[in-house]
file data_32.cif (mmCIF, C-alpha atoms)
data_start
loop_
_atom_site.label_atom_id
_atom_site.label_comp_id
_atom_site.auth_asym_id
_atom_site.auth_seq_id
_atom_site.Cartn_x
_atom_site.Cartn_y
_atom_site.Cartn_z
CA MET A 1 -15.14 -6.41 36.25
CA LYS A 2 -13.15 -3.50 34.99
CA LEU A 3 -12.93 -3.23 31.24
CA PHE A 4 -10.13 -2.05 29.00
CA GLU A 5 -9.98 -0.93 25.39
CA LEU A 6 -8.77 -3.55 22.95
CA GLN A 7 -7.67 -2.77 19.41
CA ILE A 8 -6.52 -5.49 17.03
CA MET A 9 -5.07 -4.40 13.70
CA THR A 10 -3.59 -6.25 10.75
CA PRO A 11 -2.13 -4.46 7.70
CA GLU A 12 -5.25 -5.35 5.74
CA LYS A 13 -8.08 -4.67 8.15
CA GLU A 14 -9.06 -3.66 11.63
CA PHE A 15 -9.92 -6.95 13.21
CA TYR A 16 -11.49 -5.72 16.42
CA SER A 17 -11.90 -2.48 18.25
CA GLY A 18 -13.91 -2.28 21.42
CA GLU A 19 -14.01 -3.05 25.08
CA ALA A 20 -12.76 -6.27 26.60
CA GLU A 21 -12.59 -7.78 30.03
CA THR A 22 -9.94 -10.48 29.62
CA LEU A 23 -7.40 -11.20 26.90
CA THR A 24 -5.39 -14.41 26.71
CA VAL A 25 -2.61 -14.56 24.13
CA THR A 26 0.03 -17.09 23.18
CA LEU A 27 3.62 -16.03 23.80
CA PRO A 28 6.63 -18.00 22.59
CA ASP A 29 6.95 -19.59 26.05
CA GLY A 30 3.33 -19.99 27.09
CA GLN A 31 0.06 -18.21 27.55
CA LEU A 32 -0.50 -14.84 29.14
CA THR A 33 -3.70 -13.28 30.37
CA VAL A 34 -4.16 -9.53 30.51
CA LEU A 35 -6.75 -7.78 32.63
CA ALA A 36 -7.48 -4.07 32.96
CA GLY A 37 -4.78 -2.15 34.82
CA HIS A 38 -1.96 -4.46 33.75
CA ALA A 39 1.55 -3.04 34.04
CA PRO A 40 2.80 -1.42 30.80
CA MET A 41 4.34 -4.07 28.64
CA VAL A 42 5.44 -4.91 25.12
CA ALA A 43 5.15 -8.55 24.20
CA VAL A 44 6.06 -10.62 21.19
CA LEU A 45 3.22 -12.90 20.20
CA ALA A 46 3.77 -16.38 18.89
CA MET A 47 1.84 -17.82 16.01
CA GLY A 48 -1.14 -19.40 17.68
CA GLU A 49 -4.52 -18.75 19.18
CA PHE A 50 -5.76 -15.97 21.37
CA ARG A 51 -9.12 -15.23 22.90
CA PHE A 52 -10.77 -12.35 24.60
CA LYS A 53 -13.90 -11.89 26.68
CA MET A 54 -16.06 -9.02 25.54
CA ALA A 55 -18.04 -6.68 27.78
CA ASP A 56 -21.16 -8.86 27.45
CA GLY A 57 -19.31 -11.92 28.72
CA ARG A 58 -18.97 -13.72 25.39
CA TRP A 59 -15.63 -15.17 24.41
CA THR A 60 -14.13 -14.62 20.98
CA GLU A 61 -11.50 -16.99 19.70
CA CYS A 62 -9.03 -16.05 16.98
CA VAL A 63 -6.01 -17.47 15.23
CA ASN A 64 -3.03 -15.22 14.58
CA THR A 65 0.30 -15.31 12.83
CA ALA A 66 3.27 -13.33 14.11
CA GLY A 67 2.58 -10.11 15.96
CA PHE A 68 3.27 -7.92 18.92
CA MET A 69 1.20 -6.01 21.41
CA GLU A 70 1.56 -3.01 23.62
CA VAL A 71 -0.22 -3.10 26.95
CA ARG A 72 -1.02 0.27 28.47
CA PRO A 73 -2.88 0.84 31.72
CA ASP A 74 -6.16 1.48 29.93
CA LYS A 75 -5.64 -0.02 26.49
CA VAL A 76 -4.16 -2.96 24.63
CA VAL A 77 -3.10 -2.58 21.01
CA MET A 78 -2.25 -5.71 19.04
CA PHE A 79 -0.53 -5.61 15.67
CA LEU A 80 -0.75 -8.91 13.83
CA LEU A 81 0.30 -9.76 10.32
CA SER A 82 -2.87 -11.75 9.89
CA CYS A 83 -5.74 -12.81 12.07
CA GLU A 84 -8.87 -14.86 11.49
CA TYR A 85 -11.72 -16.61 13.21
CA PRO A 86 -11.44 -20.41 13.42
CA GLU A 87 -14.76 -20.83 11.62
CA GLU A 88 -13.35 -18.94 8.65
CA ILE A 89 -10.58 -21.49 8.20
CA ASP A 90 -11.05 -24.10 5.53
CA ALA A 91 -9.74 -27.30 7.14
CA GLU A 92 -9.19 -29.04 3.79
CA ARG A 93 -7.11 -26.18 2.48
CA ALA A 94 -5.13 -26.01 5.70
CA LYS A 95 -4.43 -29.74 5.42
CA ALA A 96 -3.24 -29.31 1.85
CA ALA A 97 -1.05 -26.39 2.90
CA LEU A 98 0.46 -28.49 5.67
CA LYS A 99 1.29 -31.27 3.23
CA ARG A 100 2.84 -28.81 0.80
CA ALA A 101 4.90 -27.24 3.57
CA GLN A 102 6.16 -30.64 4.72
CA GLU A 103 7.26 -31.49 1.19
CA ARG A 104 8.95 -28.13 0.85
CA LEU A 105 10.72 -28.64 4.14
CA GLN A 106 12.19 -31.92 2.91
CA ASP A 107 13.22 -30.43 -0.42
CA SER A 108 14.71 -27.26 1.07
CA LYS A 109 18.33 -26.77 0.19
CA THR A 110 19.25 -23.39 1.65
CA LYS A 111 18.83 -22.18 5.21
CA ARG A 112 16.35 -19.54 4.04
CA GLU A 113 14.21 -22.05 2.18
CA HIS A 114 14.22 -24.19 5.28
CA GLU A 115 13.12 -21.28 7.47
CA LEU A 116 10.33 -20.29 5.10
CA ALA A 117 9.05 -23.85 4.88
CA ARG A 118 9.18 -24.20 8.67
CA ALA A 119 7.18 -20.99 9.08
CA ALA A 120 4.62 -22.18 6.52
CA MET A 121 4.34 -25.51 8.31
CA THR A 122 3.83 -23.90 11.72
CA ARG A 123 1.18 -21.62 10.24
CA ALA A 124 -0.66 -24.55 8.67
CA MET A 125 -0.47 -26.58 11.89
CA VAL A 126 -1.78 -23.73 14.02
CA ARG A 127 -4.66 -23.11 11.65
CA LEU A 128 -5.51 -26.77 11.41
CA ARG A 129 -5.47 -27.15 15.18
CA ALA A 130 -7.81 -24.19 15.53
CA THR A 131 -10.43 -25.88 13.37
CA LYS A 132 -10.44 -28.93 15.65
CA SER A 133 -10.31 -27.70 19.23
CA ARG A 134 -13.17 -25.57 20.42
CA LYS A 135 -12.75 -25.24 24.13
CA TYR A 136 -14.71 -22.04 24.41
CA LYS A 137 -17.93 -22.24 22.50
CA ILE A 138 -19.01 -18.86 21.25
CA MET B 1 -12.31 19.13 -50.80
CA SER B 2 -9.10 17.77 -49.24
CA GLU B 3 -9.60 20.00 -46.18
CA ILE B 4 -12.95 18.49 -45.40
CA HIS B 5 -11.47 15.00 -45.55
CA GLU B 6 -8.71 16.04 -43.22
CA ILE B 7 -11.19 17.37 -40.71
CA LYS B 8 -13.24 14.21 -40.95
CA HIS B 9 -10.16 12.11 -40.37
CA ARG B 10 -9.10 14.13 -37.32
CA LEU B 11 -12.61 14.00 -35.97
CA SER B 12 -12.70 10.22 -36.05
CA ALA B 13 -9.22 10.05 -34.46
CA VAL B 14 -10.30 12.31 -31.60
CA ARG B 15 -13.47 10.27 -31.16
CA GLN B 16 -11.42 7.09 -30.82
CA THR B 17 -9.09 8.72 -28.31
CA ARG B 18 -12.06 9.92 -26.36
CA GLN B 19 -13.41 6.39 -26.19
CA ILE B 20 -10.12 5.16 -24.77
CA THR B 21 -9.75 7.95 -22.22
CA ASN B 22 -13.35 7.55 -21.18
CA ALA B 23 -12.92 3.80 -20.69
CA MET B 24 -9.77 4.38 -18.66
CA TYR B 25 -11.63 6.96 -16.61
CA MET B 26 -14.40 4.49 -15.81
CA ILE B 27 -11.97 1.71 -14.92
CA SER B 28 -9.86 3.86 -12.63
CA SER B 29 -12.87 5.45 -10.99
CA THR B 30 -14.26 2.05 -9.97
CA ARG B 31 -10.80 0.82 -8.89
CA MET B 32 -10.26 4.09 -7.07
CA LYS B 33 -13.39 3.63 -4.98
CA LYS B 34 -12.15 0.24 -3.80
CA GLU B 35 -8.58 1.39 -3.26
CA ALA B 36 -9.64 4.55 -1.46
CA MET B 37 -11.24 2.45 1.27
CA ARG B 38 -8.11 0.33 1.64
CA ALA B 39 -5.97 3.48 1.64
CA GLU B 40 -8.12 5.10 4.27
CA TYR B 41 -7.51 2.13 6.53
CA ALA B 42 -3.80 2.00 5.60
CA ARG B 43 -3.45 5.60 6.72
CA ARG B 44 -4.98 4.78 10.08
CA TYR B 45 -2.80 1.69 10.37
CA ILE B 46 0.42 3.61 9.66
CA TYR B 47 -0.61 6.21 12.20
CA GLN B 48 -1.53 3.67 14.89
CA ILE B 49 1.52 1.47 14.47
CA ARG B 50 3.86 4.46 14.46
CA ALA B 51 2.16 5.96 17.51
CA THR B 52 2.56 2.64 19.32
CA VAL B 53 6.19 2.31 18.29
CA LYS B 54 6.88 5.89 19.31
CA ASP B 55 5.38 5.18 22.71
CA ILE B 56 7.56 2.08 23.03
CA ILE B 57 10.73 3.92 21.97
CA GLU B 58 10.03 6.75 24.39
CA LYS B 59 9.91 4.30 27.24
CA SER B 60 12.93 2.31 26.05
CA SER B 61 15.53 5.05 26.11
CA TYR B 62 17.89 2.99 28.24
CA ILE B 63 17.78 -0.06 25.99
CA SER B 64 20.46 -0.61 23.39
CA HIS B 65 19.67 -2.58 20.28
CA PRO B 66 21.10 -2.41 16.75
CA TYR B 67 17.73 -1.20 15.44
CA LEU B 68 17.68 1.68 17.90
CA GLN B 69 21.22 2.95 17.41
CA LYS B 70 22.01 5.73 15.03
CA LYS B 71 25.05 5.00 12.93
CA SER B 72 27.47 7.72 12.00
CA GLY B 73 27.68 7.01 8.26
CA ASN B 74 25.73 8.71 5.52
CA ARG B 75 24.71 5.62 3.61
CA ALA B 76 21.01 5.28 3.00
CA ALA B 77 18.65 2.79 1.42
CA PHE B 78 15.52 4.05 -0.30
CA LEU B 79 12.36 2.31 -1.27
CA VAL B 80 10.69 4.46 -3.91
CA ILE B 81 7.10 3.62 -4.80
CA ALA B 82 5.63 4.79 -8.13
CA GLY B 83 3.46 3.22 -10.81
CA ASP B 84 3.94 0.70 -13.61
CA LYS B 85 2.07 2.85 -16.10
CA GLY B 86 1.92 6.45 -17.13
CA LEU B 87 -1.17 8.41 -18.16
CA CYS B 88 -1.87 9.50 -14.63
CA GLY B 89 -1.06 13.19 -14.54
CA SER B 90 1.76 14.26 -12.27
CA TYR B 91 1.52 11.24 -9.96
CA ASN B 92 4.77 9.58 -11.03
CA SER B 93 6.82 12.68 -11.65
CA ALA B 94 5.87 14.29 -8.32
CA VAL B 95 6.93 11.36 -6.17
CA LEU B 96 10.04 10.61 -8.24
CA LYS B 97 11.28 14.20 -8.18
CA TYR B 98 10.77 14.30 -4.44
CA ALA B 99 12.64 11.00 -4.03
CA ALA B 100 15.53 12.10 -6.27
CA GLU B 101 16.04 15.20 -4.14
CA LEU B 102 16.15 13.18 -0.94
CA ILE B 103 18.48 10.61 -2.46
CA LYS B 104 20.92 13.33 -3.53
CA LEU B 105 21.53 14.22 0.12
CA HIS B 106 23.27 10.91 0.78
CA ASP B 107 26.73 9.83 -0.30
CA THR B 108 26.16 6.15 -0.73
CA ARG B 109 22.74 5.01 -1.63
CA TYR B 110 20.83 1.90 -2.35
CA VAL B 111 17.66 2.40 -4.33
CA GLU B 112 14.90 -0.14 -4.59
CA THR B 113 11.96 0.76 -6.79
CA VAL B 114 8.38 -0.31 -7.10
CA GLY B 115 6.94 0.30 -10.56
CA ARG B 116 8.39 0.39 -14.04
CA ILE B 117 8.20 4.17 -14.30
CA ALA B 118 10.39 4.56 -11.18
CA THR B 119 13.03 2.17 -12.55
CA GLU B 120 13.14 4.00 -15.87
CA TYR B 121 13.35 7.38 -14.15
CA PHE B 122 16.42 6.46 -12.12
CA ALA B 123 18.04 4.56 -14.97
CA ARG B 124 17.75 7.68 -17.15
CA ARG B 125 19.51 9.70 -14.47
CA GLY B 126 22.39 7.25 -14.31
CA MET B 127 21.36 5.72 -11.00
CA MET B 128 20.41 2.21 -11.97
CA PRO B 129 18.15 0.93 -9.17
CA ASP B 130 19.70 -1.87 -7.14
CA ALA B 131 16.44 -3.77 -7.01
CA GLU B 132 13.10 -3.39 -8.72
CA ASN B 133 9.61 -4.71 -8.16
CA LEU B 134 7.39 -4.89 -11.19
CA ARG B 135 3.66 -5.64 -11.25
CA VAL B 136 3.35 -4.87 -7.54
CA ALA B 137 2.02 -1.34 -7.82
CA GLN B 138 -1.19 -2.46 -9.55
CA ASN B 139 -2.48 -4.63 -6.76
CA PRO B 140 -0.21 -4.79 -3.72
CA ARG B 141 -0.44 -7.93 -1.61
CA LEU B 142 0.91 -8.64 1.83
CA HIS B 143 3.51 -11.11 0.55
CA ASN B 144 4.92 -8.43 -1.80
CA ALA B 145 5.36 -6.17 1.21
CA ARG B 146 6.95 -8.99 3.17
CA GLU B 147 9.58 -9.64 0.49
CA ILE B 148 10.42 -5.96 0.12
CA ALA B 149 10.61 -5.41 3.88
CA GLU B 150 12.83 -8.46 4.39
CA ASN B 151 15.22 -7.21 1.76
CA LEU B 152 15.44 -3.74 3.34
CA LEU B 153 16.01 -5.17 6.79
CA ARG B 154 18.74 -7.49 5.54
CA LEU B 155 20.59 -4.47 4.16
CA TYR B 156 20.42 -2.79 7.52
CA THR B 157 21.31 -5.77 9.69
CA SER B 158 24.21 -6.77 7.45
CA GLY B 159 25.64 -3.28 7.89
CA LYS B 160 25.39 -2.19 4.25
CA THR B 161 23.33 0.86 5.06
CA ASP B 162 22.86 3.26 7.97
CA GLU B 163 19.32 4.39 7.31
CA VAL B 164 16.26 3.06 5.55
CA TYR B 165 13.67 5.38 4.00
CA ILE B 166 10.37 4.74 2.28
CA VAL B 167 9.18 7.31 -0.27
CA PHE B 168 5.58 6.99 -1.38
CA THR B 169 2.50 9.02 -2.20
CA ARG B 170 0.28 9.72 0.74
CA PHE B 171 -3.41 9.50 0.01
CA ILE B 172 -5.59 11.97 1.89
CA ASP B 173 -8.73 11.98 -0.22
CA VAL B 174 -9.81 12.06 -3.84
CA THR B 175 -8.57 15.60 -4.36
CA GLN B 176 -5.48 15.42 -2.18
CA SER B 177 -2.38 13.26 -2.26
CA TYR B 178 1.25 14.21 -1.96
CA PRO B 179 4.72 12.62 -1.85
CA TYR B 180 5.82 11.60 1.61
CA CYS B 181 8.86 10.04 3.21
CA ILE B 182 9.05 7.85 6.31
CA ARG B 183 12.31 6.79 7.92
CA LEU B 184 11.94 3.18 8.88
CA LEU B 185 15.33 2.63 10.50
CA PRO B 186 17.02 3.36 12.79
CA LEU B 187 14.15 3.67 15.22
CA SER B 188 14.60 6.94 17.02
CA LEU B 189 12.29 9.63 18.18
CA ASP B 190 13.35 12.26 15.64
CA ALA B 191 11.70 10.19 12.90
CA TYR B 192 8.42 10.28 14.78
CA GLU B 193 7.91 14.00 15.17
CA ASP B 194 4.83 13.93 12.92
CA VAL B 195 3.07 11.44 15.20
CA LYS B 196 1.16 12.64 18.22
CA LEU B 197 0.76 10.29 21.14
CA ASP B 198 -2.70 9.61 22.49
CA THR B 199 -1.50 8.50 25.89
CA SER B 200 0.57 10.14 28.53
CA TYR B 201 1.45 7.67 31.24
CA THR B 202 4.90 7.20 32.61
CA ALA B 203 6.01 3.84 33.81
CA ASP B 204 8.74 1.34 33.24
CA MET B 205 7.98 -1.01 30.41
CA LEU B 206 8.02 -4.76 30.81
CA TYR B 207 9.45 -6.66 27.88
CA GLU B 208 8.20 -10.13 27.15
CA PRO B 209 10.36 -12.19 26.67
CA SER B 210 13.27 -9.68 26.62
CA PRO B 211 13.97 -6.22 25.18
CA ARG B 212 16.22 -7.74 22.56
CA GLU B 213 13.64 -10.28 21.42
CA VAL B 214 10.92 -7.65 21.42
CA PHE B 215 12.77 -5.39 19.00
CA ASN B 216 13.99 -8.34 16.92
CA ASN B 217 10.35 -9.23 16.29
CA LEU B 218 8.71 -5.84 16.36
CA VAL B 219 10.85 -4.19 13.69
CA PRO B 220 10.27 -6.75 10.90
CA GLN B 221 6.54 -6.52 11.50
CA LEU B 222 6.60 -2.76 11.58
CA ALA B 223 8.51 -2.86 8.29
CA VAL B 224 6.02 -5.20 6.61
CA GLY B 225 3.09 -3.16 7.90
CA ILE B 226 4.47 0.17 6.80
CA VAL B 227 5.65 -1.07 3.40
CA PHE B 228 2.23 -2.59 2.77
CA ALA B 229 0.37 0.51 3.88
CA ALA B 230 2.65 2.69 1.74
CA LEU B 231 2.00 0.46 -1.29
CA VAL B 232 -1.75 0.62 -0.75
CA GLN B 233 -1.72 4.39 -0.35
CA SER B 234 0.38 4.83 -3.48
CA THR B 235 -1.92 2.59 -5.50
CA ALA B 236 -4.96 4.58 -4.41
CA SER B 237 -3.20 7.83 -5.27
CA GLU B 238 -2.25 6.47 -8.67
CA HIS B 239 -5.79 5.45 -9.53
CA CYS B 240 -7.05 8.76 -8.29
CA ALA B 241 -4.51 10.69 -10.37
CA ARG B 242 -5.35 8.61 -13.41
CA MET B 243 -9.06 9.15 -12.89
CA ASN B 244 -8.58 12.91 -12.79
CA ALA B 245 -6.19 12.92 -15.74
CA MET B 246 -8.53 10.82 -17.85
CA GLN B 247 -11.51 12.92 -16.88
CA ASN B 248 -9.64 16.00 -18.11
CA ALA B 249 -8.57 14.21 -21.28
CA THR B 250 -12.15 13.17 -21.99
CA ARG B 251 -13.34 16.71 -21.41
CA ASN B 252 -10.69 18.08 -23.75
CA ALA B 253 -11.63 15.52 -26.36
CA ASP B 254 -15.27 16.56 -26.06
CA GLU B 255 -14.32 20.20 -26.62
CA MET B 256 -12.18 19.27 -29.59
CA ILE B 257 -14.93 17.12 -31.10
CA GLU B 258 -17.33 20.04 -30.81
CA LYS B 259 -14.86 22.43 -32.42
CA LEU B 260 -14.02 20.02 -35.21
CA SER B 261 -17.65 19.15 -35.95
CA HIS B 262 -18.36 22.84 -36.19
CA GLN B 263 -15.48 23.25 -38.60
CA TYR B 264 -16.58 20.19 -40.54
CA ASN B 265 -20.15 21.48 -40.87
CA THR B 266 -18.94 24.89 -41.98
CA GLN B 267 -16.69 23.34 -44.56
CA ARG B 268 -19.43 21.03 -45.77
CA GLN B 269 -21.81 23.97 -46.05
CA ILE B 270 -19.24 25.93 -48.02
CA SER B 271 -18.62 23.07 -50.37
CA ILE B 272 -22.38 22.53 -50.88
CA THR B 273 -22.85 26.21 -51.55
CA ASN B 274 -19.98 26.12 -54.02
CA GLU B 275 -21.45 23.13 -55.79
CA ILE B 276 -24.87 24.79 -56.00
CA ILE B 277 -23.22 27.91 -57.38
CA GLU B 278 -21.41 25.77 -59.93
CA ILE B 279 -24.58 23.95 -60.91
CA THR B 280 -26.76 27.06 -61.13
CA SER B 281 -24.13 29.03 -63.00
CA GLY B 282 -23.67 26.06 -65.29
CA SER B 283 -27.41 25.74 -65.94
CA MET B 284 -27.68 29.48 -66.41
CA GLY B 285 -24.90 29.22 -68.98
CA ILE B 286 -26.74 26.45 -70.79
CA GLU B 287 -29.97 28.45 -70.79
CA LYS B 288 -28.17 31.48 -72.17
CA TYR B 289 -26.72 29.23 -74.85
CA LYS B 290 -30.18 27.81 -75.69
CA ASN B 291 -31.73 31.31 -75.83
CA LYS B 292 -29.01 32.41 -78.24
CA LYS B 293 -29.88 29.51 -80.51
#
call {"tool": "encode", "arguments": {"input": "data_32.cif", "output": "structure tokens"}}
result
Amino acid sequence: MKLFELQIMTPEKEFYSGEAETLTVTLPDGQLTVLAGHAPMVAVLAMGEFRFKMADGRWTECVNTAGFMEVRPDKVVMFLLSCEYPEEIDAERAKAALKRAQERLQDSKTKREHELARAAMTRAMVRLRATKSRKYKI
Amino acid sequence: MSEIHEIKHRLSAVRQTRQITNAMYMISSTRMKKEAMRAEYARRYIYQIRATVKDIIEKSSYISHPYLQKKSGNRAAFLVIAGDKGLCGSYNSAVLKYAAELIKLHDTRYVETVGRIATEYFARRGMMPDAENLRVAQNPRLHNAREIAENLLRLYTSGKTDEVYIVFTRFIDVTQSYPYCIRLLPLSLDAYEDVKLDTSYTADMLYEPSPREVFNNLVPQLAVGIVFAALVQSTASEHCARMNAMQNATRNADEMIEKLSHQYNTQRQISITNEIIEITSGSMGIEKYKNKK
């Protein structure tokens, strides 16, 4: 299958740079799969999981917070605020973070506090989910 | 006799100073090595994200969005990044002078600073910064950048400012860094003249879910990314400047110690010679006295 160049960057590190065959990302309203030669597109990525198939046929699964990506005919560039592998996530810490976020959500008084707590809770839930489900074994 | 004491006193003072400058040199050189790697990546990140955004803007010329529209006013918000501490050569003064000149060009301005030195600089010139961030410059973290970026975007979306600029020190390598300014908002091509595109395809863009949503989400992330990268680059430049300044200071101290020890030895020799002269002339006097008897 035709390959395309995939570059994943966060402000802190270059997460991945290389060739890929398939890329499946989570958008706010569902999943989207990109193959080589996709029409040019800019997409907002939701907090969630994404996976890509490398040139050797192996799948890589990752968890991301907010981001966006530009799809060009020959290249996909993803800019994420943070990105990690599920096996790097400490489930206990994620659980604790979820509990903290839930408490903060209940205690929140202003709209902004509420929003921040909601975002923290979503982040914790996404990370926790990633530690449990492993559909594509690497 | 008093002169020799003075020299001895100065010598020990210079030695102590040398110890301090040398320690600071060692600290900043190790920090610098770490920060230089982060800065190297930050430079690439700024370049990549701006190239991508430029590409997106070029293909979105028919889309109207508050972030893309130039406003007619001359109000500007500035984020000025300098250090918390001095003793780093011209690092602080270079970036602050550069920022002050840019700020002067605007009628109404909002200034947010990073670093104590920056706050003091503007306060001295009668422009009290509207917001300050202390203890960020030493070790910038992503959440620092997020707070700063959110604040800047709020100013823009609430209509309090027409443009948003970031002034920081760009880190090229250990010997090279210079003040630099990036216009964050509004997004328009004239702010991206320094970025070369690595693609040249022409096609209509798809926006997922919608152009409006895309820019609503893209801009805050661009802001966080650029603020963070600017902070990292500034920190690396600061450590680098401090390393060079402290290396020079240590070298100067070494020269001074050499000069002073030379002076001290000369003085000591003179005083010993004088004493010997006194003793011998004294003993000669006594002998003369004895011979007379």
call {"tool": "interface_residues", "arguments": {"input": "data_32.cif", "of": "chain B", "to": "chain A", "cutoff": "6 Å", "atoms": "all atoms listed in the file", "output": "VMD selection string"}}
result
chain B and resid 205 to 208 214 225
call {"tool": "resolve_selection", "arguments": {"input": "data_32.cif", "expression": "the PyMOL selection byres ((chain B and resi 167) around 12)", "output": "ChimeraX atom specification"}}
result
/B:77-82,92,94-103,111-114,118,164-166,168-170,178-184,226-227,229-231,233-234
call {"tool": "residues_around", "arguments": {"input": "data_32.cif", "residues": "stretch 46-57 of chain A", "least_positions_apart": "4", "cutoff": "8 Å", "atoms": "only C-alpha atoms", "output": "PyMOL selection string"}}
result
chain A and resi 3+19-28+61-67+122-123+126-127+130
call {"tool": "resolve_selection", "arguments": {"input": "data_32.cif", "expression": "the PyMOL selection byres ((chain A and resi 17) around 6)", "output": "list of chain:residue names"}}
result
A:Leu6, A:Gln7, A:Tyr16, A:Gly18
call {"tool": "axis_aligned_box", "arguments": {"input": "data_32.cif", "around": "stretch 99-112 of chain A", "padding_each_side": "8 Å", "output": "AutoDock Vina command-line options"}}
result
--center_x 10.3 --center_y -25.7 --center_z 2.4 --size_x 34.0 --size_y 28.4 --size_z 21.6
call {"tool": "closest_residue", "arguments": {"input": "data_32.cif", "among": "A:Thr131, A:Gln31, A:Ala101, A:Glu92", "to": "A:Ala117", "atoms": "only C-alpha atoms"}}
result
A:Ala101
call {"tool": "resolve_selection", "arguments": {"input": "data_32.cif", "expression": "the PyMOL selection byres ((chain B and resi 45-62) around 7)", "output": "list in words"}}
result
Pro11 of chain A; Tyr41, Ala42, Arg43, Arg44, Ile63, Ser64, Ser188, Leu189, Tyr192, Val195, Lys196, Leu197, Asp204, Met205, Ile226 and Ala229 of chain B
call {"tool": "atom_distance", "arguments": {"input": "data_32.cif", "atom1": "atom CA of B:Asn217", "atom2": "atom CA of A:Lys99"}}
result
27.2 Å
call {"tool": "closest_residue", "arguments": {"input": "data_32.cif", "among": "B:Cys240, B:Ile272, B:Leu187, B:Ile148", "to": "B:Ala36", "atoms": "all atoms listed in the file"}}
result
B:Cys240
call {"tool": "closest_residue", "arguments": {"input": "data_32.cif", "among": "B:Val219, B:Ala131, B:Met243, B:Ala253", "to": "B:Thr30", "atoms": "all atoms listed in the file"}}
result
B:Met243
call {"tool": "atom_distance", "arguments": {"input": "data_32.cif", "atom1": "atom CA of B:Lys71", "atom2": "atom CA of B:Tyr156"}}
result
10.6 Å
call {"tool": "atom_distance", "arguments": {"input": "data_32.cif", "atom1": "atom CA of A:Ala119", "atom2": "atom CA of B:Ser158"}}
result
22.2 Å
call {"tool": "closest_residue", "arguments": {"input": "data_32.cif", "among": "B:Ser210, B:Ser72, B:Thr108, B:Thr235", "to": "B:Lys34", "atoms": "only C-alpha atoms"}}
result
B:Thr235
call {"tool": "residues_around", "arguments": {"input": "data_32.cif", "residues": "B:Arg75", "least_positions_apart": "4", "cutoff": "9 Å", "atoms": "only C-alpha atoms", "output": "PyMOL selection string"}}
result
chain B and resi 106-110+160-163
call {"tool": "closest_residue", "arguments": {"input": "data_32.cif", "among": "B:Pro186, B:Pro211, B:Pro140, B:Gly285", "to": "B:Ala39", "atoms": "all atoms listed in the file"}}
result
B:Pro140
call {"tool": "residues_around", "arguments": {"input": "data_32.cif", "residues": "B:Arg135", "least_positions_apart": "2", "cutoff": "9 Å", "atoms": "only C-alpha atoms", "output": "mmCIF file with C-alpha atoms, in the coordinates of the input"}}
result
data_model
loop_
_atom_site.group_PDB
_atom_site.id
_atom_site.type_symbol
_atom_site.label_atom_id
_atom_site.label_comp_id
_atom_site.auth_asym_id
_atom_site.auth_seq_id
_atom_site.Cartn_x
_atom_site.Cartn_y
_atom_site.Cartn_z
ATOM 1 C CA GLY B 83 3.460 3.220 -10.810
ATOM 2 C CA ASP B 84 3.940 0.700 -13.610
ATOM 3 C CA VAL B 114 8.380 -0.310 -7.100
ATOM 4 C CA GLY B 115 6.940 0.300 -10.560
ATOM 5 C CA ARG B 116 8.390 0.390 -14.040
ATOM 6 C CA ASN B 133 9.610 -4.710 -8.160
ATOM 7 C CA ALA B 137 2.020 -1.340 -7.820
ATOM 8 C CA GLN B 138 -1.190 -2.460 -9.550
ATOM 9 C CA ASN B 139 -2.480 -4.630 -6.760
ATOM 10 C CA PRO B 140 -0.210 -4.790 -3.720
#
call {"tool": "residues_around", "arguments": {"input": "data_32.cif", "residues": "A:His114", "least_positions_apart": "5", "cutoff": "12 Å", "atoms": "all atoms listed in the file", "output": "PDB file with C-alpha atoms, keeping the file's coordinate frame"}}
result
ATOM      1  CA  ALA A 101       4.900 -27.240   3.570  1.00  0.00           C
ATOM      2  CA  GLN A 102       6.160 -30.640   4.720  1.00  0.00           C
ATOM      3  CA  GLU A 103       7.260 -31.490   1.190  1.00  0.00           C
ATOM      4  CA  ARG A 104       8.950 -28.130   0.850  1.00  0.00           C
ATOM      5  CA  LEU A 105      10.720 -28.640   4.140  1.00  0.00           C
ATOM      6  CA  GLN A 106      12.190 -31.920   2.910  1.00  0.00           C
ATOM      7  CA  ASP A 107      13.220 -30.430  -0.420  1.00  0.00           C
ATOM      8  CA  SER A 108      14.710 -27.260   1.070  1.00  0.00           C
ATOM      9  CA  LYS A 109      18.330 -26.770   0.190  1.00  0.00           C
ATOM     10  CA  ALA A 119       7.180 -20.990   9.080  1.00  0.00           C
ATOM     11  CA  ALA A 120       4.620 -22.180   6.520  1.00  0.00           C
ATOM     12  CA  MET A 121       4.340 -25.510   8.310  1.00  0.00           C
TER      13      MET A 121
END
call {"tool": "residues_around", "arguments": {"input": "data_32.cif", "residues": "B:Arg242", "least_positions_apart": "6", "cutoff": "8 Å", "atoms": "all atoms listed in the file", "output": "PyMOL selection string"}}
result
chain B and resi 25+28+87-89
